[in-house]
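> File target30.tsv follows (TSV, C-alpha atoms):
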```tsv
chain	number	residue	atom	x	y	z
A	1279	MET	CA	-1.44	33.71	-21.13
A	1280	SER	CA	1.69	32.18	-22.56
A	1281	LYS	CA	2.04	28.43	-22.62
A	1282	ILE	CA	5.24	28.41	-20.59
A	1283	LYS	CA	3.68	30.58	-17.93
A	1284	LEU	CA	0.83	28.07	-17.66
A	1285	LEU	CA	3.34	25.36	-16.86
A	1286	THR	CA	5.57	27.30	-14.48
A	1287	ASP	CA	2.68	28.87	-12.57
A	1288	GLY	CA	1.70	25.51	-11.17
A	1289	LEU	CA	5.31	24.67	-10.39
A	1290	VAL	CA	6.26	27.85	-8.55
A	1291	LYS	CA	3.80	30.71	-8.15
A	1292	ASN	CA	0.76	28.52	-7.52
A	1293	ASN	CA	2.61	25.54	-6.13
A	1294	PRO	CA	-0.21	23.46	-4.65
A	1295	THR	CA	1.73	22.28	-1.60
A	1296	PHE	CA	3.93	25.18	-0.55
A	1297	VAL	CA	1.83	28.14	-1.69
A	1298	LEU	CA	-1.81	27.08	-1.98
A	1299	LEU	CA	-1.59	24.50	0.84
A	1300	LEU	CA	-3.94	22.13	-0.95
A	1301	GLY	CA	-3.97	18.36	-0.71
A	1302	MET	CA	-2.30	18.30	2.70
A	1303	CYS	CA	-3.64	14.90	3.69
A	1304	PRO	CA	-1.81	12.82	1.04
A	1305	THR	CA	1.15	15.19	1.33
A	1306	LEU	CA	1.71	14.45	4.99
A	1307	ALA	CA	0.76	10.80	4.87
A	1308	THR	CA	2.55	9.45	1.80
A	1309	THR	CA	5.88	11.29	1.95
A	1310	THR	CA	7.66	8.83	4.22
A	1311	SER	CA	10.22	8.33	1.45
A	1312	ALA	CA	11.20	10.06	-1.77
A	1313	ILE	CA	9.91	7.22	-3.94
A	1314	ASN	CA	6.53	7.21	-2.20
A	1315	GLY	CA	6.20	10.97	-2.58
A	1316	LEU	CA	7.19	10.77	-6.23
A	1317	SER	CA	4.69	8.04	-7.05
A	1318	MET	CA	1.85	9.76	-5.20
A	1319	GLY	CA	2.67	12.94	-7.12
A	1320	LEU	CA	2.69	11.13	-10.45
A	1321	ALA	CA	-0.60	9.38	-9.66
A	1322	THR	CA	-2.19	12.76	-8.93
A	1323	LEU	CA	-0.61	14.23	-12.08
A	1324	PHE	CA	-2.19	11.48	-14.18
A	1325	VAL	CA	-5.66	12.13	-12.76
A	1326	LEU	CA	-5.23	15.91	-12.88
A	1327	VAL	CA	-4.27	16.09	-16.55
A	1328	LEU	CA	-6.99	13.71	-17.74
A	1329	SER	CA	-9.75	15.21	-15.60
A	1330	ASN	CA	-8.75	18.75	-16.60
A	1331	MET	CA	-8.96	17.79	-20.26
A	1332	ALA	CA	-12.27	15.94	-19.94
A	1333	ILE	CA	-13.85	18.68	-17.89
A	1334	SER	CA	-12.77	21.46	-20.22
A	1335	LEU	CA	-14.45	19.50	-23.03
A	1336	ILE	CA	-17.78	18.93	-21.31
A	1337	ALA	CA	-17.96	22.17	-19.27
A	1338	PRO	CA	-19.96	24.18	-21.85
A	1339	VAL	CA	-22.86	21.71	-21.83
A	1340	VAL	CA	-22.92	20.97	-18.10
A	1341	PRO	CA	-25.79	22.76	-16.35
A	1342	ASP	CA	-24.56	24.96	-13.54
A	1343	LYS	CA	-26.57	23.30	-10.77
A	1344	VAL	CA	-25.13	19.83	-11.35
A	1345	HIS	CA	-21.56	20.77	-12.28
A	1346	ILE	CA	-20.02	19.55	-8.99
A	1347	PRO	CA	-21.55	16.04	-9.20
A	1348	VAL	CA	-20.56	15.79	-12.86
A	1349	TYR	CA	-16.96	16.79	-12.12
A	1350	ILE	CA	-16.76	14.37	-9.21
A	1351	VAL	CA	-18.03	11.52	-11.39
A	1352	VAL	CA	-15.44	12.35	-14.06
A	1353	ILE	CA	-12.61	12.57	-11.52
A	1354	ALA	CA	-13.73	9.37	-9.78
A	1355	THR	CA	-13.70	7.58	-13.12
A	1356	PHE	CA	-10.09	8.50	-13.79
A	1357	VAL	CA	-9.08	7.60	-10.25
A	1358	THR	CA	-10.72	4.18	-10.53
A	1359	LEU	CA	-9.06	3.70	-13.91
A	1360	LEU	CA	-5.72	4.53	-12.30
A	1361	GLN	CA	-6.49	2.06	-9.50
A	1362	PHE	CA	-7.13	-0.75	-11.97
A	1363	LEU	CA	-3.95	0.06	-13.88
A	1364	MET	CA	-1.79	0.24	-10.78
A	1365	GLN	CA	-3.23	-2.98	-9.37
A	1366	ALA	CA	-2.51	-4.71	-12.65
A	1367	TYR	CA	0.93	-3.36	-13.53
A	1368	THR	CA	2.51	-1.90	-10.36
A	1369	PRO	CA	1.00	-3.98	-7.53
A	1370	ALA	CA	3.82	-3.18	-5.09
A	1371	MET	CA	3.35	0.55	-5.50
A	1372	TYR	CA	-0.41	0.13	-5.22
A	1373	GLU	CA	0.04	-1.54	-1.86
A	1374	THR	CA	2.35	1.16	-0.53
A	1375	LEU	CA	0.06	4.02	-1.48
A	1376	GLY	CA	-3.04	1.96	-0.73
A	1377	LEU	CA	-5.85	4.07	0.60
A	1378	PHE	CA	-4.47	7.33	-0.74
A	1379	ILE	CA	-5.10	6.41	-4.37
A	1380	PRO	CA	-8.92	6.33	-4.03
A	1381	LEU	CA	-8.66	9.46	-1.90
A	1382	ILE	CA	-7.35	11.41	-4.93
A	1383	VAL	CA	-11.05	11.77	-5.80
A	1384	VAL	CA	-11.50	14.23	-2.95
A	1385	ASN	CA	-8.11	15.90	-3.36
A	1386	CYS	CA	-8.81	19.64	-3.37
A	1387	ILE	CA	-6.20	20.21	-6.07
A	1388	VAL	CA	-8.03	18.14	-8.67
A	1389	LEU	CA	-11.50	19.56	-8.06
A	1390	GLY	CA	-9.98	23.00	-7.49
A	1391	ARG	CA	-8.31	23.06	-10.92
A	1392	ALA	CA	-11.48	21.74	-12.53
A	1393	GLU	CA	-13.52	24.56	-11.00
A	1394	ALA	CA	-11.03	27.38	-11.26
A	1395	PHE	CA	-9.35	26.61	-14.57
A	1396	ALA	CA	-10.52	23.73	-16.72
A	1397	SER	CA	-14.18	24.75	-16.80
A	1398	LYS	CA	-13.23	28.14	-18.27
A	1399	HIS	CA	-10.42	27.24	-20.67
A	1400	GLY	CA	-9.78	25.10	-23.73
A	1401	VAL	CA	-8.48	21.52	-23.79
A	1402	GLY	CA	-4.86	22.39	-24.60
A	1403	GLU	CA	-4.54	25.04	-21.92
A	1404	SER	CA	-6.27	22.83	-19.37
A	1405	ALA	CA	-3.89	19.99	-20.15
A	1406	LEU	CA	-0.88	22.29	-19.68
A	1407	ASP	CA	-2.33	23.61	-16.44
A	1408	GLY	CA	-2.83	20.03	-15.25
A	1409	ILE	CA	0.76	19.16	-16.11
A	1410	GLY	CA	2.08	22.30	-14.40
A	1411	VAL	CA	0.12	21.86	-11.19
A	1412	GLY	CA	0.69	18.10	-11.22
A	1413	LEU	CA	4.44	18.57	-11.60
A	1414	GLY	CA	4.37	21.19	-8.86
A	1415	PHE	CA	2.66	18.68	-6.59
A	1416	THR	CA	5.02	15.88	-7.64
A	1417	CYS	CA	8.16	17.97	-7.03
A	1418	SER	CA	6.97	19.18	-3.62
A	1419	LEU	CA	6.07	15.66	-2.53
A	1420	THR	CA	9.37	14.26	-3.78
A	1421	VAL	CA	11.39	16.97	-2.01
A	1422	LEU	CA	9.40	16.53	1.20
A	1423	GLY	CA	9.77	12.75	0.95
A	1424	LEU	CA	13.49	13.05	0.24
A	1425	VAL	CA	14.11	15.32	3.24
A	1426	ARG	CA	12.11	13.03	5.53
A	1427	GLU	CA	13.82	9.93	4.18
A	1428	ILE	CA	17.32	11.40	4.61
A	1429	LEU	CA	16.63	12.56	8.17
A	1430	GLY	CA	14.37	9.73	9.21
A	1431	SER	CA	15.81	6.61	7.57
A	1432	GLY	CA	19.29	7.72	6.52
A	1433	SER	CA	18.69	6.92	2.88
A	1434	ALA	CA	17.76	8.68	-0.35
A	1435	PHE	CA	15.50	7.07	-2.99
A	1436	GLY	CA	15.93	3.80	-1.13
A	1437	TRP	CA	19.73	3.98	-1.27
A	1438	SER	CA	21.11	3.88	2.27
A	1439	PHE	CA	24.21	5.92	3.10
A	1440	THR	CA	24.41	5.35	6.84
A	1441	GLY	CA	25.23	1.65	6.65
A	1442	GLY	CA	22.04	0.44	8.29
A	1443	ALA	CA	22.18	2.83	11.24
A	1444	ASP	CA	18.87	4.32	12.33
A	1445	GLY	CA	17.87	7.83	11.39
A	1446	MET	CA	15.77	10.19	13.43
A	1447	LEU	CA	12.56	8.20	13.58
A	1448	ALA	CA	10.35	11.18	14.30
A	1449	PHE	CA	10.83	12.38	10.73
A	1450	VAL	CA	9.29	9.23	9.29
A	1451	MET	CA	6.25	9.70	11.50
A	1452	ALA	CA	3.57	12.38	11.53
A	1453	PRO	CA	5.31	15.00	13.72
A	1454	GLY	CA	8.31	15.02	11.40
A	1455	ALA	CA	6.00	15.46	8.43
A	1456	PHE	CA	4.58	18.65	9.90
A	1457	LEU	CA	8.04	19.95	10.88
A	1458	CYS	CA	9.57	19.31	7.46
A	1459	LEU	CA	6.58	20.73	5.65
A	1460	GLY	CA	6.71	23.89	7.76
A	1461	TYR	CA	10.40	24.51	7.21
A	1462	LEU	CA	10.24	23.73	3.50
A	1463	MET	CA	7.33	26.15	3.18
A	1464	VAL	CA	9.36	28.90	4.85
A	1465	LEU	CA	12.33	28.27	2.56
A	1466	PHE	CA	10.15	28.12	-0.55
A	1467	ASN	CA	8.34	31.38	0.21
A	1468	LYS	CA	11.55	33.19	1.15
A	1469	PHE	CA	13.08	32.15	-2.17
A	1470	LEU	CA	9.89	33.16	-3.99
A	1471	LYS	CA	9.81	36.63	-2.42
A	1472	LYS	CA	13.46	37.30	-3.22
A	1473	ASN	CA	12.82	36.58	-6.87
A	1474	SER	CA	9.67	38.63	-7.34
Z	1187	MET	CA	-19.23	29.21	-18.10
Z	1188	ALA	CA	-22.04	26.73	-17.96
Z	1189	ALA	CA	-25.42	26.15	-19.54
Z	1190	LYS	CA	-28.56	27.33	-17.75
Z	1191	SER	CA	-30.02	24.59	-15.57
Z	1192	ASN	CA	-33.40	23.07	-16.10
Z	1193	LEU	CA	-34.67	19.67	-15.13
Z	1194	THR	CA	-34.31	18.15	-18.58
Z	1195	ASN	CA	-30.70	19.07	-19.21
Z	1196	MET	CA	-29.65	18.31	-15.64
Z	1197	VAL	CA	-31.05	14.78	-15.81
Z	1198	LEU	CA	-29.76	14.31	-19.32
Z	1199	VAL	CA	-26.19	15.49	-18.69
Z	1200	LEU	CA	-25.76	13.76	-15.35
Z	1201	GLY	CA	-27.25	10.55	-16.73
Z	1202	LEU	CA	-25.12	10.65	-19.84
Z	1203	VAL	CA	-21.90	11.40	-17.95
Z	1204	CYS	CA	-22.58	8.52	-15.56
Z	1205	LEU	CA	-23.38	6.19	-18.45
Z	1206	VAL	CA	-20.16	7.02	-20.32
Z	1207	CYS	CA	-18.08	6.78	-17.15
Z	1208	SER	CA	-19.50	3.40	-16.17
Z	1209	ALA	CA	-18.94	2.13	-19.70
Z	1210	VAL	CA	-15.29	3.25	-19.56
Z	1211	LEU	CA	-14.79	1.64	-16.16
Z	1212	GLY	CA	-16.54	-1.55	-17.23
Z	1213	GLY	CA	-14.19	-1.79	-20.20
Z	1214	ALA	CA	-11.14	-1.07	-18.05
Z	1215	TYR	CA	-12.25	-3.71	-15.55
Z	1216	VAL	CA	-12.51	-6.38	-18.23
Z	1217	ILE	CA	-9.12	-5.45	-19.72
Z	1218	THR	CA	-7.25	-5.31	-16.42
Z	1219	LYS	CA	-8.98	-8.30	-14.78
Z	1220	ALA	CA	-6.49	-10.89	-16.03
Z	1221	PRO	CA	-3.33	-8.89	-15.22
Z	1222	ILE	CA	-4.68	-8.06	-11.73
Z	1223	GLU	CA	-5.35	-11.73	-11.03
Z	1224	ALA	CA	-1.94	-12.67	-12.41
Z	1225	ALA	CA	-0.28	-10.08	-10.18
Z	1226	ALA	CA	-2.14	-11.39	-7.12
Z	1227	ALA	CA	-1.20	-14.98	-7.97
Z	1228	ALA	CA	2.44	-14.02	-8.54
Z	1229	LYS	CA	2.46	-12.31	-5.17
Z	1230	THR	CA	1.11	-15.40	-3.42
Z	1231	GLN	CA	3.61	-17.63	-5.25
Z	1232	ALA	CA	6.45	-15.34	-4.22
Z	1233	ALA	CA	5.27	-15.22	-0.60
Z	1234	VAL	CA	5.01	-19.02	-0.43
Z	1235	ALA	CA	8.34	-19.51	-2.22
Z	1236	GLN	CA	9.97	-17.31	0.39
Z	1237	VAL	CA	8.80	-19.40	3.34
Z	1238	LEU	CA	9.14	-22.94	1.97
Z	1239	PRO	CA	11.82	-25.00	0.25
Z	1240	HIS	CA	11.53	-25.67	-3.47
Z	1241	PHE	CA	8.07	-26.87	-4.56
Z	1242	GLU	CA	6.16	-27.39	-7.79
Z	1243	ASN	CA	2.43	-27.13	-7.08
Z	1244	LEU	CA	0.28	-25.34	-4.56
Z	1245	ASP	CA	-3.07	-26.37	-3.19
Z	1246	TYR	CA	-5.09	-23.76	-1.30
Z	1247	ASN	CA	-7.33	-24.57	1.61
Z	1248	ALA	CA	-9.64	-21.57	1.94
Z	1249	ASP	CA	-11.24	-22.67	5.24
Z	1250	ASN	CA	-8.05	-22.61	7.24
Z	1251	ARG	CA	-6.16	-20.28	4.88
Z	1252	TYR	CA	-3.12	-22.40	4.16
Z	1253	TYR	CA	-1.31	-23.65	1.08
Z	1254	THR	CA	-0.02	-27.17	0.77
Z	1255	ALA	CA	3.15	-27.25	-1.31
Z	1256	PHE	CA	3.89	-30.37	-3.35
Z	1257	ASP	CA	7.05	-31.40	-5.13
Z	1258	GLY	CA	5.67	-34.10	-7.36
Z	1259	GLU	CA	3.71	-36.31	-4.93
Z	1260	THR	CA	5.65	-35.36	-1.83
Z	1261	VAL	CA	4.35	-32.74	0.55
Z	1262	VAL	CA	7.14	-30.22	0.98
Z	1263	GLY	CA	5.36	-28.26	3.69
Z	1264	TYR	CA	2.57	-25.87	4.44
Z	1265	ALA	CA	2.44	-22.12	4.04
Z	1266	ILE	CA	-0.05	-20.85	6.57
Z	1267	GLU	CA	-1.53	-17.36	6.54
Z	1268	SER	CA	-1.86	-15.96	10.02
Z	1269	THR	CA	-3.31	-12.61	11.02
Z	1270	VAL	CA	-3.15	-11.09	14.50
Z	1271	VAL	CA	-3.59	-7.62	15.96
Z	1272	GLY	CA	-0.24	-5.83	16.04
Z	1273	PHE	CA	0.61	-2.45	17.51
Z	1274	GLY	CA	-0.81	-0.32	14.72
Z	1275	GLY	CA	-3.39	-2.67	13.22
Z	1276	PRO	CA	-3.60	-6.10	11.63
Z	1277	LEU	CA	-0.32	-7.95	11.18
Z	1278	SER	CA	-0.46	-10.65	8.51
Z	1279	LEU	CA	2.20	-13.30	8.18
Z	1280	MET	CA	2.91	-16.21	5.89
Z	1281	VAL	CA	4.43	-18.97	7.98
Z	1282	GLY	CA	6.12	-21.89	6.25
Z	1283	VAL	CA	6.08	-25.11	8.24
Z	1284	THR	CA	7.74	-28.25	6.96
Z	1285	SER	CA	6.13	-31.64	7.55
Z	1286	ASP	CA	8.14	-32.22	10.73
Z	1287	GLY	CA	6.53	-29.23	12.45
Z	1288	VAL	CA	9.58	-26.96	12.20
Z	1289	VAL	CA	9.17	-23.40	10.98
Z	1290	TYR	CA	11.07	-23.11	7.69
Z	1291	ASN	CA	10.76	-19.35	7.34
Z	1292	THR	CA	8.26	-16.54	7.84
Z	1293	SER	CA	7.43	-13.45	5.86
Z	1294	VAL	CA	5.22	-10.44	6.45
Z	1295	LEU	CA	2.27	-10.14	4.06
Z	1296	SER	CA	1.02	-6.84	5.36
Z	1297	HIS	CA	1.35	-4.73	8.48
Z	1298	SER	CA	0.60	-1.25	9.76
Z	1299	GLU	CA	3.29	-1.01	12.43
Z	1300	THR	CA	5.14	2.20	13.28
Z	1301	PRO	CA	7.76	3.04	10.65
Z	1302	GLY	CA	11.26	2.66	12.05
Z	1303	LEU	CA	10.08	0.69	15.08
Z	1304	GLY	CA	7.57	-2.15	14.67
Z	1305	ALA	CA	7.84	-1.94	10.89
Z	1306	LYS	CA	11.29	-3.49	11.29
Z	1307	CYS	CA	9.54	-6.84	11.67
Z	1308	SER	CA	9.63	-7.00	7.87
Z	1309	THR	CA	13.16	-5.62	7.36
Z	1310	ASP	CA	15.31	-6.37	10.42
Z	1311	ALA	CA	17.55	-9.28	9.39
Z	1312	LYS	CA	18.36	-10.31	12.95
Z	1313	PHE	CA	14.72	-10.56	13.93
Z	1314	MET	CA	13.63	-12.30	10.75
Z	1315	ASP	CA	16.50	-14.79	10.60
Z	1316	GLN	CA	15.70	-16.28	13.99
Z	1317	TRP	CA	12.52	-17.76	12.49
Z	1318	ARG	CA	14.48	-19.82	9.99
Z	1319	GLY	CA	14.38	-23.36	11.29
Z	1320	PHE	CA	12.62	-22.38	14.50
Z	1321	ASP	CA	11.71	-25.65	16.15
Z	1322	PRO	CA	8.87	-25.16	18.67
Z	1323	ALA	CA	9.80	-28.49	20.29
Z	1324	VAL	CA	13.23	-27.13	21.26
Z	1325	LYS	CA	12.69	-23.41	21.68
Z	1326	LYS	CA	10.02	-21.67	23.69
Z	1327	LEU	CA	7.72	-19.64	21.50
Z	1328	SER	CA	7.46	-16.30	23.32
Z	1329	VAL	CA	9.64	-13.22	23.52
Z	1330	LYS	CA	12.58	-13.17	25.96
Z	1331	LYS	CA	10.85	-10.60	28.15
Z	1332	ASP	CA	8.09	-13.16	28.73
Z	1333	GLY	CA	10.57	-15.95	29.40
Z	1334	GLY	CA	10.75	-17.38	25.88
Z	1335	ASP	CA	13.45	-17.72	23.24
Z	1336	VAL	CA	12.39	-15.08	20.73
Z	1337	ASP	CA	14.61	-12.01	20.43
Z	1338	ALA	CA	12.29	-9.02	20.30
Z	1339	ILE	CA	12.89	-6.00	18.09
Z	1340	THR	CA	14.36	-3.18	20.17
Z	1341	ALA	CA	11.61	-0.89	21.48
Z	1342	SER	CA	8.93	-2.93	19.74
Z	1343	THR	CA	7.96	-5.64	22.19
Z	1344	ILE	CA	4.27	-5.44	21.31
Z	1345	THR	CA	4.97	-6.01	17.63
Z	1346	SER	CA	7.35	-8.85	18.46
Z	1347	ARG	CA	4.75	-10.44	20.73
Z	1348	ALA	CA	2.14	-10.15	17.99
Z	1349	TYR	CA	4.55	-11.71	15.49
Z	1350	THR	CA	5.23	-14.57	17.90
Z	1351	LEU	CA	1.51	-15.07	18.45
Z	1352	ALA	CA	0.96	-15.18	14.70
Z	1353	VAL	CA	3.58	-17.92	14.37
Z	1354	GLU	CA	2.00	-19.78	17.29
Z	1355	ASN	CA	-1.43	-19.60	15.64
Z	1356	ALA	CA	0.05	-20.86	12.40
Z	1357	LEU	CA	1.58	-23.81	14.23
Z	1358	LYS	CA	-1.82	-24.57	15.75
Z	1359	VAL	CA	-3.27	-24.66	12.26
Z	1360	PHE	CA	-0.40	-26.96	11.25
Z	1361	ASP	CA	-1.31	-29.27	14.12
Z	1362	THR	CA	-4.88	-29.57	12.86
Z	1363	ILE	CA	-3.66	-30.18	9.30
Z	1364	SER	CA	-1.32	-32.97	10.18
Z	1365	VAL	CA	-4.01	-35.04	11.92
Z	1366	ILE	CA	-5.91	-35.28	8.67
Z	1367	PRO	CA	-5.04	-38.81	7.52
Z	1368	GLY	CA	-3.25	-39.24	4.25
Z	1369	VAL	CA	-1.93	-35.70	3.98
Z	1370	THR	CA	1.37	-36.51	5.61
Z	1371	GLY	CA	1.23	-40.10	4.44
Z	1372	ASN	CA	4.62	-39.83	2.83
Z	1373	LEU	CA	6.28	-39.41	6.19
Z	1374	PRO	CA	4.57	-42.05	8.31
Z	1375	GLU	CA	6.84	-41.78	11.35
Z	1376	MET	CA	6.53	-38.04	11.57
Z	1377	ALA	CA	2.84	-38.14	10.89
Z	1378	ASP	CA	2.27	-40.67	13.66
Z	1379	GLN	CA	4.23	-38.72	16.14
Z	1380	VAL	CA	2.75	-35.36	15.35
Z	1381	GLY	CA	-0.68	-36.83	14.88
Z	1382	HIS	CA	-0.51	-38.48	18.29
Z	1383	ASP	CA	0.37	-35.23	20.02
Z	1384	ASP	CA	-2.39	-33.52	18.19
Z	1385	ASN	CA	-5.04	-35.95	19.22
Z	1386	ASP	CA	-4.24	-35.23	22.82
Z	1387	GLU	CA	-4.31	-31.54	22.25
Z	1388	GLY	CA	-7.40	-31.69	20.11
Z	1389	GLY	CA	-9.19	-33.56	22.85
Z	1390	GLN	CA	-8.35	-30.90	25.35
Z	1391	ASP	CA	-9.51	-28.18	23.04
Z	1392	ASN	CA	-12.86	-29.79	22.58
Z	1393	GLU	CA	-13.40	-30.03	26.27
```
Step by step, read the file and then write its structure as structure tokens.

Amino acid sequence: MSKIKLLTDGLVKNNPTFVLLLGMCPTLATTTSAINGLSMGLATLFVLVLSNMAISLIAPVVPDKVHIPVYIVVIATFVTLLQFLMQAYTPAMYETLGLFIPLIVVNCIVLGRAEAFASKHGVGESALDGIGVGLGFTCSLTVLGLVREILGSGSAFGWSFTGGADGMLAFVMAPGAFLCLGYLMVLFNKFLKKNS
Amino acid sequence: MAAKSNLTNMVLVLGLVCLVCSAVLGGAYVITKAPIEAAAAAKTQAAVAQVLPHFENLDYNADNRYYTAFDGETVVGYAIESTVVGFGGPLSLMVGVTSDGVVYNTSVLSHSETPGLGAKCSTDAKFMDQWRGFDPAVKKLSVKKDGGDVDAITASTITSRAYTLAVENALKVFDTISVIPGVTGNLPEMADQVGHDDNDEGGQDNE
């Protein structure tokens, strides 16, 4: 498998949000604005790359029967590390994302990549796969957040263009999250089919 | 893919992985401890600075959750933390009260109100500005719908009520502070007056 394909697979063909439909809980909950979506995506990217690398290293010596607990411990370690770092250096962002940072531990994408890819491939490939899937997740979350922010708050990346007027509130709340996600998924898959 | 499982290697690998991971986290905890504390302290400083006039030192009272702000020896005012139940969960405010019992300013520490509706309590300039210099002796501390003088946020009466209640609770805490002798000693007239009122109220409370 070529290195570029490893990267682009996660971005497009195996896009975790729009194609695999993994990690829906943080996707719906944290994308109230583009910045929030972007930071949640980057946080997941960080954990994904490091856990993929660590797991690909230790996978050959991990006994089959305990591989899930071992992976979870490794992932939880990186998530906690990320929590400490965010609390220390980006406290405002930590407060916004709050509960969803510790929940990265149980994000299907991270454990899914560990099981399906990292445990069977080398460190370099696993790192690339982590970057690809992580970027795919980050881009989807940013786009979803951007669409919801434009429609719901009348701003983009925190920059307001409606002069303080209200947007369509529903899009900031849960129903709007489902609507936007659905329509973006349709668009993404239509575009994907046309190209293949 | 993976090694064959037997009891020895399962215990060994799981134990070793946990040991390494806890060591890493222990190290990270020690390294980030100081910056995390600094960030928390900076946040508190910023929150207090937002609700009180210029001050130099802070003194925290953990029992009643308020900060006394000093400029030299003078008490500038009190920043009182106040938490009530809002529409979507706990609503935490920092309420700055100057020594004369007037609200200097308020700020939201944390909330879980509905985005676009109740969440405006931390962004809506019109709502927030009315708390600057709010004098409970002159204005009635309840939302207009309930016959008071507080302008509620449109479509968010419950949040506005909760906010008002939080300010009211903070003022109650202020009342208990200002009866403590010596604390407001620099402003004897004010202290007497406020203290007198408080004694009456305190008496009623006890009964």
> Find the nearest atom pair between each residue of chain Z and chain A for residues within 7 Å, count only C-alpha atoms, give distances in Å to one decimal, sort rows by chain and ascending number, and present the table as a Markdown table.

```
| residue | atom | partner | partner_atom | distance |
| --- | --- | --- | --- | --- |
| Z:Met1187 | CA | A:Lys1398 | CA | 6.1 |
| Z:Ala1188 | CA | A:Pro1338 | CA | 5.1 |
| Z:Ala1189 | CA | A:Pro1341 | CA | 4.7 |
| Z:Lys1190 | CA | A:Pro1341 | CA | 5.5 |
| Z:Ser1191 | CA | A:Pro1341 | CA | 4.7 |
| Z:Asn1195 | CA | A:Pro1341 | CA | 6.8 |
| Z:Met1196 | CA | A:Pro1341 | CA | 5.9 |
| Z:Val1199 | CA | A:Val1340 | CA | 6.4 |
| Z:Leu1200 | CA | A:Val1348 | CA | 6.1 |
| Z:Val1203 | CA | A:Val1348 | CA | 6.9 |
| Z:Cys1204 | CA | A:Val1351 | CA | 6.9 |
| Z:Cys1207 | CA | A:Thr1355 | CA | 6.0 |
| Z:Leu1211 | CA | A:Leu1359 | CA | 6.5 |
| Z:Ala1214 | CA | A:Leu1359 | CA | 6.6 |
| Z:Tyr1215 | CA | A:Phe1362 | CA | 6.9 |
| Z:Thr1218 | CA | A:Ala1366 | CA | 6.1 |
| Z:Pro1221 | CA | A:Ala1366 | CA | 5.0 |
| Z:Ile1222 | CA | A:Ala1366 | CA | 4.1 |
| Z:Ala1225 | CA | A:Ala1366 | CA | 6.3 |
| Z:Pro1301 | CA | A:Val1450 | CA | 6.5 |
| Z:Gly1302 | CA | A:Leu1447 | CA | 5.9 |
```
> Keeping only C-alpha atoms, write those residues as a PDB file, in the frame of the given file.

```pdb
ATOM      1  CA  MET Z1187     -19.230  29.210 -18.100  1.00  0.00           C
ATOM      2  CA  ALA Z1188     -22.040  26.730 -17.960  1.00  0.00           C
ATOM      3  CA  ALA Z1189     -25.420  26.150 -19.540  1.00  0.00           C
ATOM      4  CA  LYS Z1190     -28.560  27.330 -17.750  1.00  0.00           C
ATOM      5  CA  SER Z1191     -30.020  24.590 -15.570  1.00  0.00           C
ATOM      6  CA  ASN Z1195     -30.700  19.070 -19.210  1.00  0.00           C
ATOM      7  CA  MET Z1196     -29.650  18.310 -15.640  1.00  0.00           C
ATOM      8  CA  VAL Z1199     -26.190  15.490 -18.690  1.00  0.00           C
ATOM      9  CA  LEU Z1200     -25.760  13.760 -15.350  1.00  0.00           C
ATOM     10  CA  VAL Z1203     -21.900  11.400 -17.950  1.00  0.00           C
ATOM     11  CA  CYS Z1204     -22.580   8.520 -15.560  1.00  0.00           C
ATOM     12  CA  CYS Z1207     -18.080   6.780 -17.150  1.00  0.00           C
ATOM     13  CA  LEU Z1211     -14.790   1.640 -16.160  1.00  0.00           C
ATOM     14  CA  ALA Z1214     -11.140  -1.070 -18.050  1.00  0.00           C
ATOM     15  CA  TYR Z1215     -12.250  -3.710 -15.550  1.00  0.00           C
ATOM     16  CA  THR Z1218      -7.250  -5.310 -16.420  1.00  0.00           C
ATOM     17  CA  PRO Z1221      -3.330  -8.890 -15.220  1.00  0.00           C
ATOM     18  CA  ILE Z1222      -4.680  -8.060 -11.730  1.00  0.00           C
ATOM     19  CA  ALA Z1225      -0.280 -10.080 -10.180  1.00  0.00           C
ATOM     20  CA  PRO Z1301       7.760   3.040  10.650  1.00  0.00           C
ATOM     21  CA  GLY Z1302      11.260   2.660  12.050  1.00  0.00           C
TER      22      GLY Z1302
END
```
> If you measure from CA of Thr1440 in chain A to CA of Thr1343 in chain Z, what distance in Å do you get, rounded to one decimal?
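So the answer is 25.0 Å.
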> Just give me the gap between CA of Val1289 in chain Z and CA of Arg1318 in chain Z in Å, one decimal is fine.
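One can read the CA of Val1289 in chain Z to CA of Arg1318 in chain Z distance as 6.5 Å.
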> Excluding same-chain residues fewer than 6 positions from range 1457-1463 of chain A, what lies within 9 Å of it counting all atoms listed in the file, as a ChimeraX atom specification?
/A:1295-1297,1305-1306,1421-1422,1425-1426,1449
> Write a file of the selected residues as a PDB file, in the coordinates of the input, keeping C-alpha atoms.

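This is the output file out.pdb:
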```pdb
ATOM      1  CA  THR A1295       1.730  22.280  -1.600  1.00  0.00           C
ATOM      2  CA  PHE A1296       3.930  25.180  -0.550  1.00  0.00           C
ATOM      3  CA  VAL A1297       1.830  28.140  -1.690  1.00  0.00           C
ATOM      4  CA  THR A1305       1.150  15.190   1.330  1.00  0.00           C
ATOM      5  CA  LEU A1306       1.710  14.450   4.990  1.00  0.00           C
ATOM      6  CA  VAL A1421      11.390  16.970  -2.010  1.00  0.00           C
ATOM      7  CA  LEU A1422       9.400  16.530   1.200  1.00  0.00           C
ATOM      8  CA  VAL A1425      14.110  15.320   3.240  1.00  0.00           C
ATOM      9  CA  ARG A1426      12.110  13.030   5.530  1.00  0.00           C
ATOM     10  CA  PHE A1449      10.830  12.380  10.730  1.00  0.00           C
TER      11      PHE A1449
END
```
> Any idea what the distance is between CA of Met1280 in chain Z and CA of Ser1342 in chain Z?
20.1 Å
